[in-house]
Amino acid sequence: MDSRFDVVIAGGGLAGLTLARQLHFEAPHVRVLVCEKRRHPVPEAAFKVGESSVEIGAHYFKTIVNLEALLERDHLPKLGLRYFFPYESNRDIATRVELGTSVFPPVPSFQLDRGRLENSLLTLARESGASVLDGCTVREIDLGDPEHGVVFDTADGRHRVTARWIVDSSGRAGLLKRRLGLRRPVSHSANACWFRFPDRLKVDDWSDDPVWRARVPERQRWLSTNHLMGAGYWVWLIPLGSGSTSVGIVADAALHPFHRLSRFDRAVDWLREFEPQCAEVVEAHAPQLEDFLALQHFAHGCERVFSPDRWAMTGESGVFTDPFYSPGSDFIAIGNDFATDLITRDLRGEDVRERAEIFNTTHLRLFDAFLKLYDGQYPLMGNAQVMTAKVAWDNATYWSVTALLFFQRRLRHPEFMASIDPLMRRFFVLHARMQQLFAAWGRGDHAAYGHSRANVMDVDRLRQLQSSLDGPMMSDGVLRERLEHNCAWLESMARAWQRLAAEHDPALVRFIAPGRASPDDVLPEAPGIERVDLEPLKLATLARA
């Protein structure tokens, strides 16, 4: 084995292996060493969570690292994100408010069997010329100039190599973060447990109600990432291409203590109390349990993830927000894109120090924005109307700005990002105020909702935003105009949700624009922006507490 490389990637999971693949496509001459602690092949199904992808991550896997054929062959298409909100005792899924689509979205995403995918990626990385060592434990990272040193152990002993770049993709081990003392605490406190069964747990089989079944006529609800929602928690059901089903519980630590989820028997007891219909299904399959894992306080931050000293962190080694909305693969995509840009430019002789600082700021700024989606929001997860509003808003902001910038490959263009900085600041302020609005609205709305369905794609503009992501590349000027129009439309949408929230409590106007007197005086109407019709997402109230 060579003793010198251009890049050493510490960690050969999804982040590290896709980075190696992207580097191969963008700079085939780059000498890459991947050090993966686990021996391969790893087990299918019962391996890792992070199985649900959304638009950014799916686009990265499918298009940028050219895995479309593999994904379509070995994994499952995803029928969007689907939510079932609580109704009475949660013993009949057909009575619950359902938020989800009946047809596949125009821009695809996938359900990923992580073991199957990472086995394939390791083989592909070796075939592309990367040096990939499995059963390899990194012991030391010595940062230096002009080269870094890495010491690792394999079955045949201890080795030392040097590299110009070190990329930490070690996941929660956080090799560089621990080594450099860069851990940043976050206020979001939630816990999770998860387990897999070697069978399909199809929610389509949970009710014989003909009206409910007719909403998704092909009986394909099971292909969604299904969420069973309640105050302070959500439960996921995700199908895998290997035939297994992944089940997880994610809960606010203050409302659902970790000790109630820390073992499989305790998790089943918890399900009996909050999700009894799901508990019956889980108990019926319990003898076939494939694995069980639990994780406390999973959200974590970092002071720095890209350095002008030629190191980077991708995947969970740097930051992680929350599995709700499935953003893990998105951060892999964005982080790998930044790392690839820095590495390839540096190896061509370009000074990338300023660029590294900009990418670091952008990545952590996105992390902070995503974290606001979850921090303090878990208590309202049992409110069907407020969560319908929140899901619609969160999707709208994602498709209007973040995903659009990634699909158009502008996040890695500092000059363009600098040109839209005032717009981004305006967007982040509005985004933060809306999260405050939803939290306050959830605290004050005690209505009961049930026996209905909603679909964010029934709002024409939302459907257009998602479907247009796969459109042609735009010039800088056209993209800036699109972003300006999207931001103005988001302000109109914010105004519409505020009007609805103010029907419950007029004081809620203060969360969008402090000091404004009425819902119609919140944000100025932008010329040429259509008034948002949210009627398809307004739920009928069954009763009020």
# chains A, B, ... in the order shown; residues from 1 in each chain; ligands from 1
call {"tool": "closest_atom_pairs", "arguments": {"of": "segment 393-472 of chain A", "to": "segment 94-100 of chain A", "cutoff": "8 Å", "atoms": "only C-alpha atoms", "output": "tab-separated table"}}
result
residue	atom	partner	partner_atom	distance
A:Tyr449	CA	A:Val97	CA	6.7
A:Gly450	CA	A:Val97	CA	4.8
A:His451	CA	A:Thr95	CA	4.6
A:Ser452	CA	A:Val97	CA	4.9
A:Arg453	CA	A:Glu98	CA	4.6
A:Ala454	CA	A:Leu99	CA	4.8
A:Asn455	CA	A:Gly100	CA	5.0
A:Val456	CA	A:Gly100	CA	7.3
call {"tool": "write_last_selection", "arguments": {"atoms": "N, CA and C atoms", "output": "PDB file, in the first residue's frame"}}
result
ATOM      1  N   TYR A 449     -59.250  17.024  16.044  1.00  0.00           N
ATOM      2  CA  TYR A 449     -59.330  16.857  14.598  1.00  0.00           C
ATOM      3  C   TYR A 449     -59.293  15.366  14.273  1.00  0.00           C
ATOM      4  N   GLY A 450     -60.050  14.964  13.266  1.00  0.00           N
ATOM      5  CA  GLY A 450     -60.036  13.559  12.861  1.00  0.00           C
ATOM      6  C   GLY A 450     -60.887  13.334  11.635  1.00  0.00           C
ATOM      7  N   HIS A 451     -60.896  12.089  11.150  1.00  0.00           N
ATOM      8  CA  HIS A 451     -61.751  11.670  10.029  1.00  0.00           C
ATOM      9  C   HIS A 451     -61.559  12.547   8.794  1.00  0.00           C
ATOM     10  N   SER A 452     -60.301  12.871   8.469  1.00  0.00           N
ATOM     11  CA  SER A 452     -60.081  13.690   7.281  1.00  0.00           C
ATOM     12  C   SER A 452     -58.686  13.450   6.726  1.00  0.00           C
ATOM     13  N   ARG A 453     -58.453  14.009   5.535  1.00  0.00           N
ATOM     14  CA  ARG A 453     -57.166  13.858   4.857  1.00  0.00           C
ATOM     15  C   ARG A 453     -56.763  15.204   4.284  1.00  0.00           C
ATOM     16  N   ALA A 454     -55.470  15.463   4.240  1.00  0.00           N
ATOM     17  CA  ALA A 454     -54.937  16.657   3.592  1.00  0.00           C
ATOM     18  C   ALA A 454     -53.688  16.261   2.816  1.00  0.00           C
ATOM     19  N   ASN A 455     -53.328  17.089   1.857  1.00  0.00           N
ATOM     20  CA  ASN A 455     -52.178  16.805   1.015  1.00  0.00           C
ATOM     21  C   ASN A 455     -51.567  18.134   0.612  1.00  0.00           C
ATOM     22  N   VAL A 456     -50.299  18.367   0.979  1.00  0.00           N
ATOM     23  CA  VAL A 456     -49.681  19.653   0.649  1.00  0.00           C
ATOM     24  C   VAL A 456     -49.610  19.849  -0.858  1.00  0.00           C
TER      25      VAL A 456
END
call {"tool": "residues_around", "arguments": {"residues": "Ser262 of chain A", "least_positions_apart": "3", "cutoff": "7 Å", "atoms": "only C-alpha atoms", "output": "short mmCIF file (atom, residue, chain, number, x, y, z; two decimals) with C-alpha atoms, in the first residue's frame"}}
result
data_model
loop_
_atom_site.label_atom_id
_atom_site.label_comp_id
_atom_site.auth_asym_id
_atom_site.auth_seq_id
_atom_site.Cartn_x
_atom_site.Cartn_y
_atom_site.Cartn_z
CA CYS A 193 -34.94 3.98 19.61
CA PHE A 258 -35.47 7.98 27.75
CA HIS A 259 -35.79 5.06 30.18
CA ARG A 266 -40.03 -0.87 27.37
CA ALA A 294 -31.48 3.41 21.40
#
call {"tool": "select_by_dssp", "arguments": {"residues": "segment 62-131 of chain A", "states": "strand (DSSP E or B)", "output": "list in words"}}
result
Leu76, Pro77, Leu81, Arg82, Tyr83, Phe84, Glu98, Leu99, Phe110, Gln111 and Ser131 of chain A
call {"tool": "write_last_selection", "arguments": {"atoms": "N, CA and C atoms", "output": "mmCIF file, in the first residue's frame"}}
result
data_model
loop_
_atom_site.group_PDB
_atom_site.id
_atom_site.type_symbol
_atom_site.label_atom_id
_atom_site.label_comp_id
_atom_site.auth_asym_id
_atom_site.auth_seq_id
_atom_site.Cartn_x
_atom_site.Cartn_y
_atom_site.Cartn_z
ATOM 1 N N LEU A 76 -36.099 1.034 -2.741
ATOM 2 C CA LEU A 76 -37.522 1.253 -2.985
ATOM 3 C C LEU A 76 -37.819 2.714 -3.302
ATOM 4 N N PRO A 77 -38.734 2.963 -4.238
ATOM 5 C CA PRO A 77 -39.202 4.341 -4.452
ATOM 6 C C PRO A 77 -40.026 4.775 -3.248
ATOM 7 N N LEU A 81 -43.523 11.742 2.314
ATOM 8 C CA LEU A 81 -43.666 11.690 3.774
ATOM 9 C C LEU A 81 -45.154 11.685 4.100
ATOM 10 N N ARG A 82 -45.560 10.814 5.014
ATOM 11 C CA ARG A 82 -46.986 10.670 5.361
ATOM 12 C C ARG A 82 -47.125 10.732 6.883
ATOM 13 N N TYR A 83 -48.173 11.420 7.332
ATOM 14 C CA TYR A 83 -48.368 11.652 8.762
ATOM 15 C C TYR A 83 -49.787 11.249 9.164
ATOM 16 N N PHE A 84 -49.894 10.570 10.302
ATOM 17 C CA PHE A 84 -51.190 10.253 10.896
ATOM 18 C C PHE A 84 -51.227 10.895 12.280
ATOM 19 N N GLU A 98 -54.988 12.256 8.154
ATOM 20 C CA GLU A 98 -53.861 11.769 7.360
ATOM 21 C C GLU A 98 -53.360 12.901 6.462
ATOM 22 N N LEU A 99 -52.075 13.171 6.533
ATOM 23 C CA LEU A 99 -51.450 14.166 5.682
ATOM 24 C C LEU A 99 -50.465 13.439 4.770
ATOM 25 N N PHE A 110 -36.040 8.046 -2.224
ATOM 26 C CA PHE A 110 -35.902 6.603 -2.070
ATOM 27 C C PHE A 110 -35.890 6.201 -0.597
ATOM 28 N N GLN A 111 -36.305 4.937 -0.348
ATOM 29 C CA GLN A 111 -36.103 4.274 0.939
ATOM 30 C C GLN A 111 -34.856 3.409 0.796
ATOM 31 N N SER A 131 -8.336 3.361 -2.705
ATOM 32 C CA SER A 131 -7.879 2.346 -1.753
ATOM 33 C C SER A 131 -8.874 2.330 -0.593
#
call {"tool": "residues_around", "arguments": {"residues": "Asp74 of chain A", "least_positions_apart": "2", "cutoff": "12 Å", "atoms": "only C-alpha atoms", "output": "VMD selection string"}}
result
chain A and resid 44 67 to 72 76 to 77 110 to 120 240 to 243
call {"tool": "closest_residue", "arguments": {"among": "A:Gly12, A:Gly318, A:Pro308, A:Gly301", "to": "Arg164 of chain A", "atoms": "only C-alpha atoms"}}
result
A:Pro308
call {"tool": "residues_around", "arguments": {"residues": "Phe407 of chain A", "least_positions_apart": "2", "cutoff": "10 Å", "atoms": "only C-alpha atoms", "output": "PyMOL selection string"}}
result
chain A and resi 55-56+59-60+63-64+399+402-405+409-411+469-473
call {"tool": "write_last_selection", "arguments": {"atoms": "C-alpha atoms", "output": "short mmCIF file (atom, residue, chain, number, x, y, z; two decimals), in the first residue's frame"}}
result
data_model
loop_
_atom_site.label_atom_id
_atom_site.label_comp_id
_atom_site.auth_asym_id
_atom_site.auth_seq_id
_atom_site.Cartn_x
_atom_site.Cartn_y
_atom_site.Cartn_z
CA GLU A 55 -35.07 15.63 -2.48
CA ILE A 56 -31.53 16.99 -1.91
CA HIS A 59 -30.76 14.03 -6.15
CA TYR A 60 -27.18 13.78 -4.92
CA THR A 63 -27.49 12.29 -10.26
CA ILE A 64 -24.29 13.73 -8.82
CA TRP A 399 -38.30 23.61 -2.05
CA THR A 402 -32.49 25.33 0.06
CA ALA A 403 -33.29 22.54 -2.40
CA LEU A 404 -33.44 24.97 -5.32
CA LEU A 405 -29.95 26.26 -4.52
CA ARG A 409 -25.40 23.83 -7.74
CA ARG A 410 -25.09 27.38 -6.38
CA LEU A 411 -24.37 26.57 -2.73
CA LEU A 469 -36.56 21.33 -8.84
CA ASP A 470 -35.51 19.01 -11.66
CA GLY A 471 -35.76 21.82 -14.22
CA PRO A 472 -32.94 23.11 -16.43
CA MET A 473 -29.98 25.03 -15.07
#
